[in-house]
Amino acid sequence: MQTHTHHWTITADLSPLLVLTNGYQSWSESELRPLTDTPQRATLQWMVDQGQDPLFPPSGEAGVWRSHGLIAVIRPDGGGWVGCALDLSRAFAHWEARADGDHVQVTCTVEGPDVELAWEETADVRETVEDLAGRLGAAMGALNPAPLRVWCSWYSYYLDVTFDVMVENARLARERGLPFDVFQLDDGFQADLGDWTEPNPRFGRHARELPAELQALGFRAGLWIAPFLVGPRSKLFAAHPEWMLQGDDGTPLLFGSNWGGAYATLDTTHPEVLTWLRDLAATIRSWGYDYLKIDFLYGAAFPGHRHDPHASRAEAYRRGLQAIRDGFGDGFILGCGAPLTPSIGLVDAMRTGPDVAPFWDDEARRVFIGDGAAPSARSAIHTVLARWYQHLWYQNDPDVMIARRERSLLSDQERGALLGLLDVAGGLRASSDPIQMLDEQALTLLRRSLEITTPDRPVSLTTSHGPTVTHFTRGTF
Ligand code: 9PG
């Protein structure tokens, strides 16, 4: 694998310095922390696979911080140093800041063809982060459509979602006048990972029958898929084992752990895989869906592409994403579980944090197992806020509001905090609450969470120098 390494040294009193990091993919922890603190590193391999970059995971070492795409080291007066790559369509930029006596050693390892890097000392880190992130976004043709208001089946029904549940919630939302734009069916309708066009008997009907019902109620139809993952018992796996990422012995590699075990992933340097992906997206579009949530996208960026071993991980990933974009045309695409920087320009919106859950914190998994990507309201907000500048890369999706009281451990204060923090983060507005569960108070909270405030982005992106984000190009408020 081609790499290029660049170094800088900062000489300063280290004790008051902070570091701003950006995790690898949607769910990976991103934060602002004292430089001399110790970052968490997941202790279980499947958590590293599913939440971190397996080739560049958090260090787990005191004073050693890793970050993807850009990094900032910040003095107490708000000034400091910012490093940012200026085009990441073919490479990853792996930044590391290492506290070392009275120096900070900063390294950027570019994985792929070498790219131009910016390294700036500044009196205002916030402004410089926004300036450089904006240049990266512009170079990669960042899309920034109007935010949509989405009802998603996942955070209440999980894999037990049915056709009737979707239609019933849409009907109640219409009856109560809730201003959703899209009703999005999540995981659970498909026969297996990879067998997306085959129905799961538990869902009750075929997913292609749903858009007409939703449209009759006045909503757009959305669908979830994990396009790069393949179940080891799926028909796709049996038909095309040669399409999977393979080990040196030619057998398909298995990664992660979800849906009861590990899964294979597609080799997106294989031309037949790209045709299959384009056809899949076009088929879903032809069913009447014009909103597509594509998830677990990191699956296309594991190392080991065999059909074009010279392609960098970023290039292999982008070929897969481009095939889906080609098939889905001008429909709205939301990335999730996605390596962030190589997605710029190919997705309309991006999940910028781990999943919200109907509880505040999962301390056991976050602190003791070291997994900052564990679903919880706290972890989602923590990471989403540390990525405020990513509005310059795509419309961000801070994940759902949870307004219901039933089947939730969130206190009234926590529901209020979630509402306020999602409002500050801006971007997509979403809910999964079963509408019939909502009392008057919960309905009020839900309605407030669906209001699009102005400016719809963290205030720092708009204050001192006027708006720096591109204007919304599609849709309306
Ligand atoms: C469907 C869900 C929903 C959700 C996605 C994603 O084990 N994990 O680390 C893990 C993280 C996130 C996750 C599932 C597992 O959720 O973010 O919105 O679409 O998949 O399966």
# chains A, B, ... in the order shown; residues from 1 in each chain; ligands from 1
$ closest_atom_pairs --of "chain A" --to "ligand 1" --cutoff "6 Å" --atoms "only C-alpha atoms and all ligand atoms" --output "JSON lines"
{"residue": "A:Gln50", "atom": "CA", "partner": "ligand 1", "partner_atom_place_in_ligand_line": "9 (O)", "distance": 5.3}
{"residue": "A:Gly51", "atom": "CA", "partner": "ligand 1", "partner_atom_place_in_ligand_line": "9 (O)", "distance": 6.0}
{"residue": "A:Trp154", "atom": "CA", "partner": "ligand 1", "partner_atom_place_in_ligand_line": "3 (C)", "distance": 5.7}
{"residue": "A:Asp186", "atom": "CA", "partner": "ligand 1", "partner_atom_place_in_ligand_line": "19 (O)", "distance": 5.7}
{"residue": "A:Asp187", "atom": "CA", "partner": "ligand 1", "partner_atom_place_in_ligand_line": "1 (C)", "distance": 4.9}
{"residue": "A:Asp355", "atom": "CA", "partner": "ligand 1", "partner_atom_place_in_ligand_line": "17 (O)", "distance": 5.2}
{"residue": "A:Ala374", "atom": "CA", "partner": "ligand 1", "partner_atom_place_in_ligand_line": "9 (O)", "distance": 6.0}
$ residues_around --residues "Leu229 of chain A" --least-positions-apart "4" --cutoff "8 Å" --atoms "only C-alpha atoms" --output "JSON, numbers by chain"
{"A": [193, 194, 263, 264, 265, 266, 296, 299]}
$ closest_residue --among "A:Gly63, A:Pro57, A:Pro147, A:Gly370" --to "Pro455 of chain A" --atoms "only C-alpha atoms"
A:Pro147
$ select_by_dssp --residues "segment 340-464 of chain A" --states "strand (DSSP E or B)" --output "PyMOL selection string"
chain A and resi 349-351+395-397+401+429-431
$ write_last_selection --atoms "C-alpha atoms" --output "PDB file, in the first residue's frame"
ATOM      1  CA  ALA A 349     -26.403  13.638   3.765  1.00  0.00           C
ATOM      2  CA  MET A 350     -24.269  11.773   6.264  1.00  0.00           C
ATOM      3  CA  ARG A 351     -24.738  10.372   9.758  1.00  0.00           C
ATOM      4  CA  GLN A 395     -25.996  17.746   5.048  1.00  0.00           C
ATOM      5  CA  ASN A 396     -25.357  16.202   8.445  1.00  0.00           C
ATOM      6  CA  ASP A 397     -27.670  13.735  10.172  1.00  0.00           C
ATOM      7  CA  MET A 401     -35.092  12.598  18.516  1.00  0.00           C
ATOM      8  CA  ARG A 429     -34.666  15.908  11.556  1.00  0.00           C
ATOM      9  CA  ALA A 430     -35.756  12.380  12.344  1.00  0.00           C
ATOM     10  CA  SER A 431     -37.929  10.289  14.624  1.00  0.00           C
TER      11      SER A 431
END
$ residues_around --residues "Ala97 of chain A" --least-positions-apart "5" --cutoff "12 Å" --atoms "only C-alpha atoms" --output "number ranges by chain"
A: 7-10, 14, 17-21, 34-36, 39, 58-59, 61-68, 70-74, 81-83, 103-109
